[in-house]
>>> print(open('target12.txt').read())   # compact mmCIF, C-alpha atoms
# COMPACT_ATOMS: atom_id res chain seq x y z
CA MET A 215 -4.61 -3.71 -4.01
CA LYS A 216 -6.32 -5.42 -6.91
CA ARG A 217 -6.24 -3.94 -10.40
CA ARG A 218 -9.78 -2.62 -10.17
CA ASP A 219 -8.80 -0.61 -7.07
CA PHE A 220 -6.63 1.82 -9.00
CA THR A 221 -8.56 2.13 -12.29
CA ARG A 222 -10.99 4.64 -10.72
CA LEU A 223 -8.51 7.40 -9.94
CA LEU A 224 -9.69 10.44 -8.05
CA LEU A 225 -11.47 13.02 -10.25
CA ALA A 226 -11.32 10.64 -13.19
CA SER A 227 -14.99 9.67 -12.84
CA PRO A 228 -18.20 11.70 -13.19
CA PHE A 229 -19.18 10.52 -9.68
CA LEU A 230 -16.18 12.12 -8.02
CA ALA A 231 -16.44 15.29 -10.04
CA SER A 232 -20.04 15.63 -8.83
CA ALA A 233 -18.92 14.80 -5.29
CA PHE A 234 -16.59 17.79 -5.38
CA ARG A 235 -19.40 20.05 -6.63
CA ALA A 236 -21.73 18.83 -3.89
CA LEU A 237 -19.09 19.38 -1.24
CA ALA A 238 -18.39 22.89 -2.46
CA ALA A 239 -22.10 23.74 -2.44
CA GLY A 240 -22.93 22.04 0.85
CA PRO A 241 -22.99 23.51 4.36
CA ALA A 242 -19.71 24.16 6.13
CA ASP A 243 -20.26 21.42 8.70
CA SER A 244 -17.45 19.76 10.60
CA PHE A 245 -15.33 17.19 8.85
CA ARG A 246 -16.29 14.67 11.52
CA ALA A 247 -19.95 15.16 10.61
CA ARG A 248 -19.14 14.71 6.91
CA LEU A 249 -17.15 11.56 7.63
CA GLU A 250 -20.02 10.11 9.67
CA THR A 251 -22.42 10.91 6.83
CA ILE A 252 -20.16 9.07 4.36
CA ARG A 253 -19.77 6.11 6.72
CA ALA A 254 -23.53 5.81 7.28
CA ARG A 255 -24.40 6.25 3.60
CA HIS A 256 -22.10 3.38 2.62
CA ASP A 257 -23.01 1.24 5.65
CA LEU A 258 -19.44 0.86 6.91
CA PRO A 259 -18.54 -0.38 10.41
CA GLY A 260 -15.94 2.33 10.98
CA MET A 261 -13.94 4.90 9.10
CA ALA A 262 -11.02 7.26 9.65
CA ALA A 263 -9.44 10.00 7.54
CA LEU A 264 -6.59 12.46 7.80
CA ALA A 265 -5.15 15.47 5.99
CA LEU A 266 -1.53 16.60 6.08
CA LEU A 267 -0.63 20.13 4.97
CA GLY A 268 2.72 21.86 5.25
CA GLY A 269 4.10 18.94 7.19
CA LYS A 270 1.39 19.11 9.88
CA ILE A 271 -1.75 17.08 10.45
CA VAL A 272 -4.58 19.58 9.97
CA GLU A 273 -7.53 17.17 10.05
CA HIS A 274 -7.88 13.75 11.68
CA GLU A 275 -11.17 12.08 12.56
CA ALA A 276 -12.49 8.59 13.23
CA VAL A 277 -16.13 7.46 13.35
CA GLY A 278 -18.04 4.21 13.76
CA VAL A 279 -17.05 1.01 15.53
CA ARG A 280 -14.13 -1.41 15.47
CA LYS A 281 -16.33 -4.45 14.97
CA ILE A 282 -19.92 -5.05 13.95
CA GLY A 283 -21.80 -6.26 17.03
CA SER A 284 -19.49 -4.33 19.36
CA SER A 285 -20.02 -0.83 20.68
CA THR A 286 -16.27 -0.09 20.91
CA PRO A 287 -15.68 3.05 18.83
CA ILE A 288 -12.89 3.50 16.33
CA ALA A 289 -10.11 5.66 17.81
CA LYS A 290 -7.84 8.02 15.89
CA THR A 291 -4.84 6.04 17.12
CA ASP A 292 -6.22 2.70 15.86
CA ARG A 293 -4.22 0.65 13.38
CA PHE A 294 -5.59 -0.26 9.94
CA HIS A 295 -4.33 -2.89 7.55
CA ILE A 296 -2.98 -0.90 4.57
CA GLY A 297 -2.79 -3.71 1.99
CA SER A 298 -0.97 -2.71 -1.16
CA CYS A 299 0.12 0.66 0.22
CA THR A 300 2.86 -1.64 1.54
CA LYS A 301 4.35 -1.71 -1.96
CA SER A 302 5.81 1.78 -1.94
CA MET A 303 7.37 0.99 1.45
CA THR A 304 9.15 -2.03 -0.01
CA ALA A 305 10.28 0.13 -2.93
CA THR A 306 11.57 2.75 -0.46
CA LEU A 307 13.58 0.05 1.33
CA ALA A 308 14.97 -1.05 -2.04
CA ALA A 309 16.07 2.54 -2.74
CA MET A 310 18.00 2.58 0.54
CA MET A 311 19.86 -0.57 -0.42
CA VAL A 312 20.57 0.84 -3.88
CA GLU A 313 22.05 4.00 -2.34
CA GLU A 314 24.24 1.84 -0.11
CA GLY A 315 25.56 -0.12 -3.09
CA LYS A 316 24.08 -3.40 -1.90
CA LEU A 317 21.86 -3.54 -4.97
CA ARG A 318 21.36 -1.63 -8.23
CA TRP A 319 18.07 -0.78 -9.87
CA ASP A 320 19.20 -3.09 -12.67
CA THR A 321 20.31 -5.93 -10.38
CA THR A 322 18.85 -9.07 -11.91
CA VAL A 323 16.97 -11.88 -10.26
CA ALA A 324 19.82 -14.23 -11.18
CA GLU A 325 22.40 -11.98 -9.51
CA ALA A 326 20.45 -11.52 -6.28
CA LEU A 327 19.17 -15.09 -5.99
CA PRO A 328 22.01 -17.28 -7.31
CA GLN A 329 20.93 -20.19 -5.13
CA LEU A 330 17.70 -20.67 -7.09
CA LYS A 331 17.01 -22.63 -10.25
CA ILE A 332 15.52 -19.84 -12.35
CA HIS A 333 13.72 -20.19 -15.67
CA PRO A 334 15.95 -18.66 -18.40
CA ASP A 335 13.31 -16.02 -19.27
CA TYR A 336 13.34 -14.69 -15.70
CA ARG A 337 17.10 -14.52 -15.18
CA ALA A 338 17.52 -11.01 -16.62
CA VAL A 339 14.48 -9.50 -14.85
CA THR A 340 15.61 -6.51 -12.78
CA LEU A 341 14.66 -5.15 -9.39
CA ASP A 342 13.30 -2.03 -11.05
CA GLN A 343 11.07 -4.04 -13.39
CA LEU A 344 9.63 -5.96 -10.45
CA LEU A 345 8.82 -2.77 -8.53
CA ARG A 346 7.03 -1.41 -11.63
CA HIS A 347 5.08 -4.64 -12.30
CA ARG A 348 6.97 -5.23 -15.54
CA GLY A 349 8.83 -8.40 -14.56
CA GLY A 350 6.59 -10.93 -16.27
CA LEU A 351 5.22 -12.37 -13.02
CA PRO A 352 1.60 -13.56 -13.07
CA GLU A 353 -1.23 -11.42 -11.75
CA HIS A 354 -2.40 -14.39 -9.68
CA ALA A 355 -0.24 -17.10 -8.12
CA PRO A 356 -0.79 -20.64 -9.43
CA ALA A 357 -3.55 -22.29 -7.38
CA GLU A 358 -1.37 -25.05 -5.92
CA LEU A 359 1.35 -22.59 -4.90
CA TRP A 360 -1.18 -20.18 -3.38
CA SER A 361 -2.78 -23.00 -1.43
CA ARG A 362 0.58 -23.98 0.01
CA ALA A 363 1.36 -20.37 0.93
CA TRP A 364 -1.77 -20.29 3.08
CA LYS A 365 -0.37 -23.14 5.20
CA ARG A 366 2.27 -20.68 6.50
CA GLU A 367 4.89 -23.38 7.06
CA GLY A 368 8.18 -22.07 8.49
CA THR A 369 9.39 -18.54 9.13
CA PRO A 370 8.11 -15.71 6.90
CA MET A 371 11.46 -15.61 5.08
CA THR A 372 11.35 -19.39 4.54
CA GLN A 373 7.80 -19.12 3.22
CA ARG A 374 8.83 -16.42 0.74
CA ALA A 375 11.91 -18.38 -0.34
CA ARG A 376 9.76 -21.40 -1.18
CA PHE A 377 7.09 -19.26 -2.88
CA VAL A 378 9.62 -17.31 -4.97
CA ALA A 379 11.57 -20.42 -5.94
CA SER A 380 8.42 -22.02 -7.36
CA LEU A 381 7.41 -18.83 -9.19
CA LEU A 382 10.79 -18.35 -10.83
CA ALA A 383 11.18 -21.98 -11.85
CA ALA A 384 8.11 -21.74 -14.10
CA PRO A 385 7.90 -19.81 -17.39
CA PRO A 386 6.85 -16.13 -17.13
CA ALA A 387 3.19 -15.27 -17.55
CA HIS A 388 4.23 -12.84 -20.31
CA ALA A 389 7.48 -11.53 -21.75
CA PRO A 390 9.38 -9.64 -19.01
CA GLY A 391 9.61 -5.93 -19.73
CA SER A 392 6.90 -6.04 -22.38
CA ARG A 393 4.03 -4.57 -20.36
CA HIS A 394 2.65 -3.64 -16.97
CA VAL A 395 0.74 -6.41 -15.17
CA TYR A 396 -0.10 -5.73 -11.52
CA SER A 397 1.34 -8.58 -9.44
CA ASN A 398 1.81 -9.23 -5.74
CA GLN A 399 4.04 -12.06 -6.89
CA GLY A 400 6.50 -9.59 -8.40
CA TYR A 401 6.78 -7.78 -5.09
CA ALA A 402 7.32 -11.10 -3.31
CA VAL A 403 10.31 -11.67 -5.58
CA ALA A 404 11.61 -8.12 -5.04
CA GLY A 405 11.24 -8.42 -1.27
CA HIS A 406 13.04 -11.75 -1.27
CA MET A 407 15.87 -10.19 -3.26
CA LEU A 408 16.25 -7.53 -0.55
CA GLU A 409 16.20 -9.97 2.36
CA THR A 410 18.55 -12.42 0.64
CA VAL A 411 21.15 -9.73 -0.10
CA ALA A 412 20.83 -8.32 3.44
CA ASN A 413 20.62 -11.78 5.04
CA ARG A 414 17.81 -10.47 7.22
CA PRO A 415 14.03 -11.02 6.87
CA TRP A 416 12.05 -8.38 5.00
CA GLU A 417 9.99 -7.73 8.15
CA GLU A 418 13.13 -7.00 10.18
CA LEU A 419 14.48 -4.72 7.46
CA MET A 420 11.23 -2.78 7.40
CA ARG A 421 11.22 -2.37 11.19
CA THR A 422 14.85 -1.30 11.51
CA ARG A 423 15.37 0.63 8.27
CA LEU A 424 12.00 2.36 7.74
CA PHE A 425 9.58 2.15 10.67
CA GLY A 426 12.21 2.76 13.36
CA PRO A 427 13.93 5.80 11.82
CA LEU A 428 10.54 7.38 11.03
CA GLY A 429 9.15 6.70 14.51
CA MET A 430 6.30 4.56 13.15
CA SER A 431 5.79 2.72 16.44
CA SER A 432 2.35 1.39 15.48
CA ALA A 433 3.57 -0.34 12.30
CA GLY A 434 3.59 -4.11 12.07
CA PHE A 435 2.49 -6.99 9.87
CA GLY A 436 -0.70 -8.95 9.42
CA VAL A 437 -3.90 -8.56 11.45
CA PRO A 438 -3.70 -5.32 13.49
CA ASP A 439 -4.91 -6.94 16.72
CA ARG A 440 -4.50 -10.08 18.77
CA LEU A 441 -6.98 -12.71 17.65
CA GLY A 442 -10.25 -12.54 19.51
CA GLN A 443 -9.68 -9.07 20.96
CA VAL A 444 -11.30 -5.78 19.96
CA ALA A 445 -8.43 -3.46 20.86
CA GLU A 446 -8.05 -2.52 17.17
CA PRO A 447 -10.42 -2.50 14.18
CA TRP A 448 -11.44 -5.89 12.82
CA GLY A 449 -11.73 -6.37 9.09
CA HIS A 450 -15.11 -7.12 7.57
CA THR A 451 -16.51 -8.77 4.49
CA ARG A 452 -19.95 -8.11 3.00
CA LYS A 453 -21.94 -10.71 1.09
CA GLY A 454 -25.59 -10.48 0.22
CA GLY A 455 -25.97 -7.42 2.42
CA ARG A 456 -24.60 -9.25 5.47
CA MET A 457 -21.50 -7.88 7.22
CA THR A 458 -19.15 -10.43 8.80
CA PRO A 459 -16.20 -9.47 11.04
CA VAL A 460 -12.90 -11.15 10.12
CA GLN A 461 -9.40 -11.32 11.60
CA GLN A 462 -7.37 -12.68 8.69
CA ASP A 463 -4.60 -11.56 6.37
CA ASN A 464 -2.66 -12.63 3.30
CA PRO A 465 0.18 -15.11 3.87
CA PRO A 466 3.70 -13.76 4.54
CA ALA A 467 4.77 -15.14 1.16
CA ILE A 468 3.45 -11.93 -0.43
CA GLY A 469 4.26 -9.74 2.57
CA PRO A 470 6.40 -7.21 0.64
CA GLY A 471 3.37 -6.31 -1.45
CA ALA A 472 0.52 -6.35 1.01
CA THR A 473 0.80 -7.07 4.75
CA VAL A 474 1.68 -3.89 6.71
CA HIS A 475 -0.65 -2.33 9.27
CA CYS A 476 -0.27 0.99 11.10
CA SER A 477 -2.14 3.97 12.48
CA LEU A 478 -3.15 6.79 10.15
CA GLY A 479 -0.85 9.08 12.11
CA ASP A 480 2.12 6.87 11.31
CA LEU A 481 0.98 6.52 7.70
CA ALA A 482 0.97 10.33 7.55
CA THR A 483 4.57 10.29 8.80
CA TYR A 484 5.43 7.99 5.91
CA ALA A 485 3.54 10.25 3.47
CA ARG A 486 5.52 13.22 4.80
CA LEU A 487 8.74 11.42 3.87
CA HIS A 488 7.64 11.18 0.23
CA LEU A 489 6.28 14.73 0.13
CA ASP A 490 9.63 15.99 1.40
CA ALA A 491 11.38 13.81 -1.23
CA GLY A 492 14.84 14.19 0.26
CA ARG A 493 14.89 18.00 0.57
CA THR A 494 15.29 18.00 4.37
CA GLU A 495 14.67 14.39 5.44
CA LYS A 496 17.89 12.50 4.73
CA LEU A 497 16.63 8.92 4.73
CA LEU A 498 17.07 8.98 0.93
CA ARG A 499 18.57 11.39 -1.59
CA PRO A 500 16.29 13.45 -3.88
CA GLU A 501 17.35 11.44 -6.94
CA SER A 502 16.12 8.25 -5.28
CA PHE A 503 12.71 9.78 -4.68
CA ARG A 504 12.59 10.92 -8.32
CA HIS A 505 13.22 7.34 -9.35
CA LEU A 506 10.52 6.03 -7.02
CA HIS A 507 7.96 8.60 -8.23
CA THR A 508 8.62 8.53 -11.98
CA PRO A 509 6.63 6.01 -14.07
CA HIS A 510 7.91 4.00 -16.98
CA SER A 511 7.46 5.88 -20.24
CA GLY A 512 3.82 5.97 -21.31
CA GLU A 513 2.55 4.46 -18.05
CA GLU A 514 1.25 5.74 -14.71
CA TYR A 515 2.73 3.17 -12.33
CA ALA A 516 6.08 4.10 -10.79
CA CYS A 517 7.67 2.14 -7.90
CA GLY A 518 4.76 1.43 -5.57
CA TRP A 519 3.05 4.71 -6.52
CA ILE A 520 0.65 5.66 -9.28
CA SER A 521 1.66 9.05 -10.69
CA VAL A 522 -1.07 11.13 -12.35
CA GLU A 523 -1.64 14.79 -13.24
CA ARG A 524 -4.41 16.50 -11.26
CA GLY A 525 -5.50 20.14 -11.29
CA TRP A 526 -6.12 20.28 -7.55
CA ALA A 527 -2.53 19.03 -7.05
CA ARG A 528 -1.17 21.69 -9.45
CA GLY A 529 0.66 18.94 -11.27
CA ARG A 530 1.64 15.43 -10.33
CA ALA A 531 -0.23 13.55 -7.63
CA LEU A 532 0.92 10.24 -6.15
CA THR A 533 -1.64 7.68 -5.07
CA HIS A 534 -2.15 4.07 -4.10
CA ALA A 535 -4.94 2.05 -2.56
CA GLY A 536 -4.68 -1.11 -0.53
CA SER A 537 -7.02 -3.87 0.57
CA ASN A 538 -6.64 -7.47 1.65
CA THR A 539 -10.43 -7.62 1.03
CA TYR A 540 -11.20 -6.96 4.74
CA TRP A 541 -9.82 -3.41 5.20
CA TYR A 542 -9.42 -0.59 2.67
CA VAL A 543 -7.01 2.36 2.65
CA VAL A 544 -6.26 4.98 0.01
CA MET A 545 -3.50 7.61 -0.01
CA TRP A 546 -3.21 10.75 -2.17
CA LEU A 547 -0.12 12.99 -2.13
CA ALA A 548 0.23 16.37 -3.87
CA PRO A 549 3.96 17.20 -3.67
CA LYS A 550 3.68 20.71 -5.16
CA ARG A 551 1.14 21.64 -2.49
CA ASN A 552 2.84 19.72 0.33
CA PHE A 553 -0.49 18.02 0.97
CA ALA A 554 -1.61 14.47 1.62
CA ALA A 555 -5.01 12.91 2.29
CA ILE A 556 -5.59 9.41 3.67
CA ALA A 557 -8.85 7.53 4.19
CA ALA A 558 -9.32 4.11 5.76
CA THR A 559 -12.10 1.76 6.73
CA ASN A 560 -12.48 -1.72 8.17
CA VAL A 561 -14.39 -3.33 5.33
CA GLY A 562 -12.97 -4.24 1.93
CA ASP A 563 -15.61 -2.88 -0.48
CA ALA A 564 -15.21 0.77 0.40
CA ASP A 565 -13.35 2.43 -2.46
CA GLN A 566 -16.21 4.83 -3.24
CA ALA A 567 -16.63 5.85 0.40
CA CYS A 568 -12.91 6.49 0.82
CA ASP A 569 -12.84 8.52 -2.41
CA GLU A 570 -15.64 10.70 -0.99
CA ALA A 571 -13.64 11.26 2.19
CA ILE A 572 -10.57 12.21 0.18
CA ALA A 573 -12.65 14.60 -1.95
CA SER A 574 -13.99 16.20 1.22
CA LEU A 575 -10.50 16.75 2.62
CA ILE A 576 -9.26 18.24 -0.65
CA SER A 577 -12.24 20.60 -0.85
CA ARG A 578 -11.65 21.75 2.75
CA TRP A 579 -7.90 22.33 2.59
CA LEU A 580 -6.93 23.16 -1.01
>>> encode(input="target12.txt", output="structure tokens")
Amino acid sequence: MKRRDFTRLLLASPFLASAFRALAAGPADSFRARLETIRARHDLPGMAALALLGGKIVEHEAVGVRKIGSSTPIAKTDRFHIGSCTKSMTATLAAMMVEEGKLRWDTTVAEALPQLKIHPDYRAVTLDQLLRHRGGLPEHAPAELWSRAWKREGTPMTQRARFVASLLAAPPAHAPGSRHVYSNQGYAVAGHMLETVANRPWEELMRTRLFGPLGMSSAGFGVPDRLGQVAEPWGHTRKGGRMTPVQQDNPPAIGPGATVHCSLGDLATYARLHLDAGRTEKLLRPESFRHLHTPHSGEEYACGWISVERGWARGRALTHAGSNTYWYVVMWLAPKRNFAAIAATNVGDADQACDEAIASLISRWL
């Protein structure tokens, strides 16, 4: 998720406020019909959305096609690339390792990665700072380093090791701890800390520690389908009014911040974990969820979640959006109402459309 993706938070804009009024005043048509109207109005290939209330999926629809030029419809079980919604998953994995005593929230980069030659200004950066985008890492990777990451040389863990080593050898982009700067690079460092301490690749840790216990059988990494097939939604890019189908993802070097894919049903299972926040689900203790959901003083970004006050949520809402520029997903959780809404599409420039779908779900169920 790029910075612009989370500056327009739900109900923070006049557009979305008017969207809620229009929904309230409009006919009580089916949600599927509303979703198709949104998809057509924004000229999207396909779209899916889901609502979770009281621990149960109460709405789940999918409309449109998997790929422009193909008649294969989107299915409710299809997998979408979730982009930066990956970040809270990496933070959840970190919380597990903290509970087990393998790491601390204040474990430093130097402690976790002693094999690296680290710039002195980075040595005291903590795991917690990285997960909150306060570690001093740059918003964008240096061009030469980013170009090399795209070559995908070696295993994913090897690629991250090389990427992180180069990042940490250079001076910070700004003083660590001084301010929030959204950075996939910071999550690459955090993920590499986890896999180095565990001596297992981040992808394996995610599968065995998070996806497996939650039963997220659709979850994986990178493009949701085999190249050339149309068994899952393709991503799309739009330039000059022309839609182009794409099967491409970010390099594994930044995997911990941006490369998971899964079905909306499995993403709802993950949302349920955070709505429960340790009350009955014992994957993590309640205090760990409080840490994950609580922002740094004066800020809105917590550990992979943006925490904001919303009237419809009766208090705090948790949200994040994700896009690798070819797919787009947004999640909203209202813990006090035990409610979550998720919207997804297979084109990158769809934040407004997904916000409309979320607004529709909120108006129908809350």
>>> closest_residue(input="target12.txt", among="A:Gln462, A:Gln343, A:Ser477, A:Asn538", to="Ala305 in chain A", atoms="all atoms listed in the file")
A:Gln343
>>> atom_distance(input="target12.txt", atom1="CA of Gln329 in chain A", atom2="CA of Gly400 in chain A")
18.2 Å
>>> atom_distance(input="target12.txt", atom1="CA of Ile296 in chain A", atom2="CA of Thr473 in chain A")
7.2 Å
>>> residues_near_point(input="target12.txt", point="(-2.4, 17.1, -14.3)", cutoff="12 Å", atoms="only C-alpha atoms", output="VMD selection string")
chain A and resid 224 to 226 514 521 to 532 548 550
>>> residues_around(input="target12.txt", residues="Pro465 in chain A", least_positions_apart="4", cutoff="8 Å", atoms="only C-alpha atoms", output="PyMOL selection string")
chain A and resi 363-364+366+469
>>> closest_residue(input="target12.txt", among="A:Ile332, A:Met261, A:Leu419, A:Val277", to="Val403 in chain A", atoms="all atoms listed in the file")
A:Ile332
>>> atom_distance(input="target12.txt", atom1="CA of Arg362 in chain A", atom2="CA of Asn413 in chain A")
24.0 Å
>>> closest_residue(input="target12.txt", among="A:Ser302, A:Thr291, A:Thr322, A:Asn560", to="Gly449 in chain A", atoms="all atoms listed in the file")
A:Asn560
>>> residues_around(input="target12.txt", residues="Pro427 in chain A", least_positions_apart="3", cutoff="12 Å", atoms="all atoms listed in the file", output="list in words")
Leu307, Leu419, Met420, Arg421, Thr422, Arg423, Leu424, Met430, Ser431, Asp480, Thr483, Tyr484, Leu487, Glu495, Lys496, Leu497 and Leu498 of chain A
>>> residues_around(input="target12.txt", residues="range 350-359 of chain A", least_positions_apart="4", cutoff="9 Å", atoms="only C-alpha atoms", output="number ranges by chain")
A: 335-336, 339, 343-344, 363-364, 377, 380-382, 386-400
>>> residues_around(input="target12.txt", residues="range 246-251 of chain A", least_positions_apart="6", cutoff="9 Å", atoms="all atoms listed in the file", output="ChimeraX atom specification")
/A:260-263,274-278,570-571,574
>>> decode(input="target12.txt", residues="range 339-348 of chain A", atoms="all heavy atoms", output="compact mmCIF listing (two decimals), in the first residue's frame")
# COMPACT_ATOMS: atom_id res chain seq x y z
N VAL A 339 17.80 0.56 16.16
CA VAL A 339 16.41 0.51 15.68
C VAL A 339 15.77 -0.79 16.16
O VAL A 339 16.37 -1.87 16.07
CB VAL A 339 16.37 0.60 14.14
CG1 VAL A 339 14.97 0.28 13.61
CG2 VAL A 339 16.78 1.99 13.69
N THR A 340 14.54 -0.69 16.67
CA THR A 340 13.88 -1.87 17.25
C THR A 340 12.86 -2.48 16.30
O THR A 340 12.38 -1.84 15.36
CB THR A 340 13.16 -1.49 18.56
OG1 THR A 340 12.05 -0.63 18.25
CG2 THR A 340 14.11 -0.81 19.54
N LEU A 341 12.50 -3.72 16.61
CA LEU A 341 11.46 -4.41 15.87
C LEU A 341 10.17 -3.61 15.89
O LEU A 341 9.49 -3.45 14.86
CB LEU A 341 11.24 -5.80 16.49
CG LEU A 341 10.10 -6.64 15.92
CD1 LEU A 341 10.34 -7.00 14.47
CD2 LEU A 341 9.90 -7.91 16.76
N ASP A 342 9.79 -3.09 17.03
CA ASP A 342 8.57 -2.33 17.16
C ASP A 342 8.59 -1.08 16.29
O ASP A 342 7.60 -0.74 15.63
CB ASP A 342 8.36 -1.93 18.62
CG ASP A 342 6.97 -1.37 18.87
OD1 ASP A 342 5.99 -2.07 18.53
OD2 ASP A 342 6.86 -0.25 19.40
N GLN A 343 9.72 -0.38 16.24
CA GLN A 343 9.82 0.81 15.39
C GLN A 343 9.64 0.44 13.92
O GLN A 343 8.97 1.18 13.17
CB GLN A 343 11.18 1.48 15.60
CG GLN A 343 11.30 2.21 16.93
CD GLN A 343 12.69 2.79 17.13
OE1 GLN A 343 13.70 2.17 16.79
NE2 GLN A 343 12.75 4.00 17.67
N LEU A 344 10.20 -0.66 13.50
CA LEU A 344 10.08 -1.08 12.10
C LEU A 344 8.63 -1.37 11.75
O LEU A 344 8.14 -0.99 10.68
CB LEU A 344 10.94 -2.32 11.85
CG LEU A 344 12.45 -2.09 11.93
CD1 LEU A 344 13.17 -3.43 11.97
CD2 LEU A 344 12.93 -1.26 10.75
N LEU A 345 7.90 -2.04 12.66
CA LEU A 345 6.51 -2.40 12.39
C LEU A 345 5.60 -1.18 12.39
O LEU A 345 4.49 -1.23 11.84
CB LEU A 345 6.03 -3.41 13.43
CG LEU A 345 6.77 -4.77 13.42
CD1 LEU A 345 6.29 -5.64 14.57
CD2 LEU A 345 6.60 -5.50 12.09
N ARG A 346 6.05 -0.09 12.98
CA ARG A 346 5.28 1.16 13.02
C ARG A 346 5.79 2.18 12.02
O ARG A 346 5.37 3.34 12.03
CB ARG A 346 5.32 1.76 14.44
CG ARG A 346 4.70 0.86 15.50
CD ARG A 346 4.88 1.43 16.90
NE ARG A 346 4.41 0.50 17.92
CZ ARG A 346 3.14 0.38 18.31
NH1 ARG A 346 2.23 1.19 17.78
NH2 ARG A 346 2.78 -0.50 19.21
N HIS A 347 6.72 1.80 11.15
CA HIS A 347 7.30 2.70 10.14
C HIS A 347 8.02 3.88 10.80
O HIS A 347 7.96 5.01 10.32
CB HIS A 347 6.23 3.22 9.19
CG HIS A 347 5.52 2.16 8.42
ND1 HIS A 347 6.15 1.36 7.49
CD2 HIS A 347 4.23 1.74 8.43
CE1 HIS A 347 5.28 0.52 6.96
NE2 HIS A 347 4.12 0.72 7.52
N ARG A 348 8.71 3.61 11.89
CA ARG A 348 9.47 4.65 12.58
C ARG A 348 10.95 4.29 12.69
O ARG A 348 11.66 4.80 13.54
CB ARG A 348 8.88 4.88 13.98
CG ARG A 348 7.46 5.42 13.98
CD ARG A 348 6.95 5.64 15.40
NE ARG A 348 7.78 6.57 16.15
CZ ARG A 348 7.69 7.89 16.08
NH1 ARG A 348 6.80 8.46 15.29
NH2 ARG A 348 8.49 8.65 16.80
